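One structure is given below, encoded as structure tokens.
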Amino acid sequence: MALNHHSSLAVLLLALAAACAATDFDFFYLVQQWPGSYCDTEAGCCFPGDEKPAADFGIHGLWPNYAACRPDAATPNRTSCWPDFCNATDTLNLSLIKGMEADLRRSWGTLSCKSKDATDFWSHEWSRHGTCSGMGQHAYFRSALDLKARLDLTGALLDAGIVPSDEAEYCLGRVRAAVAAATGGAAPMLECNRSARNETQLYQVYVCVDPDGRTLVHCPLPAQRGCTDMIKFPPF
Ligand code: AMP
């Protein structure tokens, strides 16, 4: 009897450990990128087939993250703020995401001039971040597409009068409020980069998502990276 109790406890603990390992992170960042700001840089951009995509935010990735950086288990004296490359043998298998390919090309396209093949971008994102998500490949890419479809960032910015422009400058707080209107109030993180003319511009919007891959949550601090009080939103 005692042995039975012990063995059921051991099974329960093993199951809990496996469940924790599968989602050993605090939240996801869904990172979306404004193509105008990717392209308006020294490096510039390229499109597959030289077909310019729509002027809409595109997915960069769905990234498991820790709420606070922690000592890196693998490398002493280093901290890690997110898990990455969690399973080197689990590489992208296009047959698992076949039905989503057209949607992915539209919503998660490549702008890189080094590789004009979007599958290289998805493959990197899966290996680095997806393998740490606790999801299979189909569920991971489906979650990112569904989240993006629910969050019309481009529409929310336009509704707030934040329109792409070479001249206008927008108050960072106003951009944050416009994004929060699209997330139902959940606070985002904004990232800016520098244009070829060295102007600060809205580059990426990070929306925070519960490890369930669906529920939007407030992003922990910091609220922005690389931005100034007034920022550009360049045309694409
Ligand atoms: P990560 O390692 O997930 O932080 O993503 C960074 C990598 O994604 C870099 O190699 C970037 O060049 C690449 N990247 C970012 N945005 C794009 C994009 N729109 N198209 C293709 N590659 C991109």
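Chain labels run A, B, ... following the order of the structure tokens; each chain numbers its residues from 1, and ligands are numbered from 1 in the order shown.
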
Within 9 Å of ligand 1, which residues of chain A come that close, and what is the closest atom pair and distance in Å for each? Count only C-alpha atoms and all ligand atoms and give it as a tab-separated table.
```
residue	atom	partner	partner_atom_place_in_ligand_line	distance
A:Gln33	CA	ligand 1	19 (N)	7.0
A:Trp34	CA	ligand 1	19 (N)	8.6
A:Pro35	CA	ligand 1	19 (N)	7.0
A:Tyr38	CA	ligand 1	19 (N)	6.9
A:Cys45	CA	ligand 1	20 (N)	8.3
A:Cys46	CA	ligand 1	20 (N)	8.7
A:Phe47	CA	ligand 1	20 (N)	8.9
A:Gly58	CA	ligand 1	19 (N)	7.2
A:Ile59	CA	ligand 1	19 (N)	7.6
A:His60	CA	ligand 1	16 (N)	5.5
A:Gly61	CA	ligand 1	3 (O)	6.3
A:Leu62	CA	ligand 1	3 (O)	8.5
A:Trp63	CA	ligand 1	3 (O)	7.5
A:Trp108	CA	ligand 1	19 (N)	7.6
A:Gly109	CA	ligand 1	20 (N)	6.3
A:Thr110	CA	ligand 1	20 (N)	3.4
A:Leu111	CA	ligand 1	20 (N)	3.9
A:Ser112	CA	ligand 1	21 (C)	4.3
A:Cys113	CA	ligand 1	21 (C)	8.0
A:Lys114	CA	ligand 1	12 (O)	8.3
A:Ser115	CA	ligand 1	21 (C)	7.4
A:Lys116	CA	ligand 1	21 (C)	7.7
A:Asp117	CA	ligand 1	21 (C)	8.5
A:Ala118	CA	ligand 1	21 (C)	6.9
A:Asp120	CA	ligand 1	21 (C)	8.0
A:Phe121	CA	ligand 1	22 (N)	5.3
A:Trp122	CA	ligand 1	21 (C)	8.7
A:His124	CA	ligand 1	2 (O)	7.0
A:Glu125	CA	ligand 1	3 (O)	5.3
A:Trp126	CA	ligand 1	3 (O)	8.8
A:Arg128	CA	ligand 1	3 (O)	6.5
A:His129	CA	ligand 1	3 (O)	6.8
```

All helix (DSSP H, G or I) positions in segment 26-227 of chain A, as an MDAnalysis selection string = chainID A and resid 35:39 48:50 94:107 118:128 130:132 137:150 153:159 172:183

Could you name the residues that touch Ser143 of chain A at 8 Å or less, counting only C-alpha atoms, but leaving out those on the same chain fewer than 4 positions away, as a ChimeraX atom specification?
-> /A:139,147,213-214

Only N, CA and C atoms, please: the residues just picked out, written as a short mmCIF file (atom, residue, chain, number, x, y, z; two decimals), in the first residue's frame.
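This is the output file result08.cif:
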```cif
data_model
loop_
_atom_site.label_atom_id
_atom_site.label_comp_id
_atom_site.auth_asym_id
_atom_site.auth_seq_id
_atom_site.Cartn_x
_atom_site.Cartn_y
_atom_site.Cartn_z
N ALA A 139 0.38 24.17 -34.10
CA ALA A 139 -0.29 25.01 -33.09
C ALA A 139 0.45 26.34 -32.91
N LEU A 147 -3.57 35.34 -33.47
CA LEU A 147 -3.36 36.55 -32.66
C LEU A 147 -3.26 37.77 -33.57
N GLY A 213 -1.29 31.07 -25.20
CA GLY A 213 -1.19 31.44 -26.62
C GLY A 213 -2.39 32.22 -27.14
N ARG A 214 -3.31 32.61 -26.23
CA ARG A 214 -4.54 33.28 -26.68
C ARG A 214 -4.86 34.55 -25.91
#
```

Which neighbours of segment 225-230 of chain A fall inside 7 Å, counting only C-alpha atoms, when residues of the same chain fewer than 2 positions from it are skipped, and could you give them as a VMD selection string?
-> chain A and resid 169 to 172 190 to 193 200

Spatial neighbours of Lys148 of chain A, 8 Å, only C-alpha atoms, chain gap at least 3 places, as a PDB file with N, CA, C and O atoms, in the first residue's frame:
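This went into out.pdb:
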```
ATOM      1  N   ILE A  59       4.242  39.744 -38.933  1.00  0.00           N
ATOM      2  CA  ILE A  59       4.726  39.032 -37.740  1.00  0.00           C
ATOM      3  C   ILE A  59       6.244  38.893 -37.821  1.00  0.00           C
ATOM      4  O   ILE A  59       6.790  38.555 -38.874  1.00  0.00           O
ATOM      5  N   SER A 107       1.127  37.182 -43.858  1.00  0.00           N
ATOM      6  CA  SER A 107       1.210  37.808 -42.532  1.00  0.00           C
ATOM      7  C   SER A 107       2.582  37.691 -41.880  1.00  0.00           C
ATOM      8  O   SER A 107       2.864  38.377 -40.903  1.00  0.00           O
ATOM      9  N   ALA A 144       0.103  32.229 -33.711  1.00  0.00           N
ATOM     10  CA  ALA A 144       0.630  33.537 -34.130  1.00  0.00           C
ATOM     11  C   ALA A 144      -0.295  34.170 -35.170  1.00  0.00           C
ATOM     12  O   ALA A 144      -0.624  35.363 -35.073  1.00  0.00           O
ATOM     13  N   LEU A 145      -0.749  33.376 -36.138  1.00  0.00           N
ATOM     14  CA  LEU A 145      -1.638  33.918 -37.178  1.00  0.00           C
ATOM     15  C   LEU A 145      -2.956  34.385 -36.569  1.00  0.00           C
ATOM     16  O   LEU A 145      -3.472  35.458 -36.921  1.00  0.00           O
ATOM     17  N   LEU A 151      -5.601  41.357 -33.873  1.00  0.00           N
ATOM     18  CA  LEU A 151      -4.979  42.636 -33.495  1.00  0.00           C
ATOM     19  C   LEU A 151      -4.704  43.453 -34.744  1.00  0.00           C
ATOM     20  O   LEU A 151      -3.671  43.278 -35.373  1.00  0.00           O
ATOM     21  N   ASP A 152      -5.617  44.332 -35.082  1.00  0.00           N
ATOM     22  CA  ASP A 152      -5.404  45.142 -36.285  1.00  0.00           C
ATOM     23  C   ASP A 152      -4.606  46.390 -35.904  1.00  0.00           C
ATOM     24  O   ASP A 152      -5.164  47.477 -35.722  1.00  0.00           O
TER      25      ASP A 152
END
```

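Proximity to Val217 of chain A was assessed for A:Ala88, A:Leu30, A:Ala43, A:Ala160 counting only C-alpha atoms; the smallest distance is recorded for A:Leu30.
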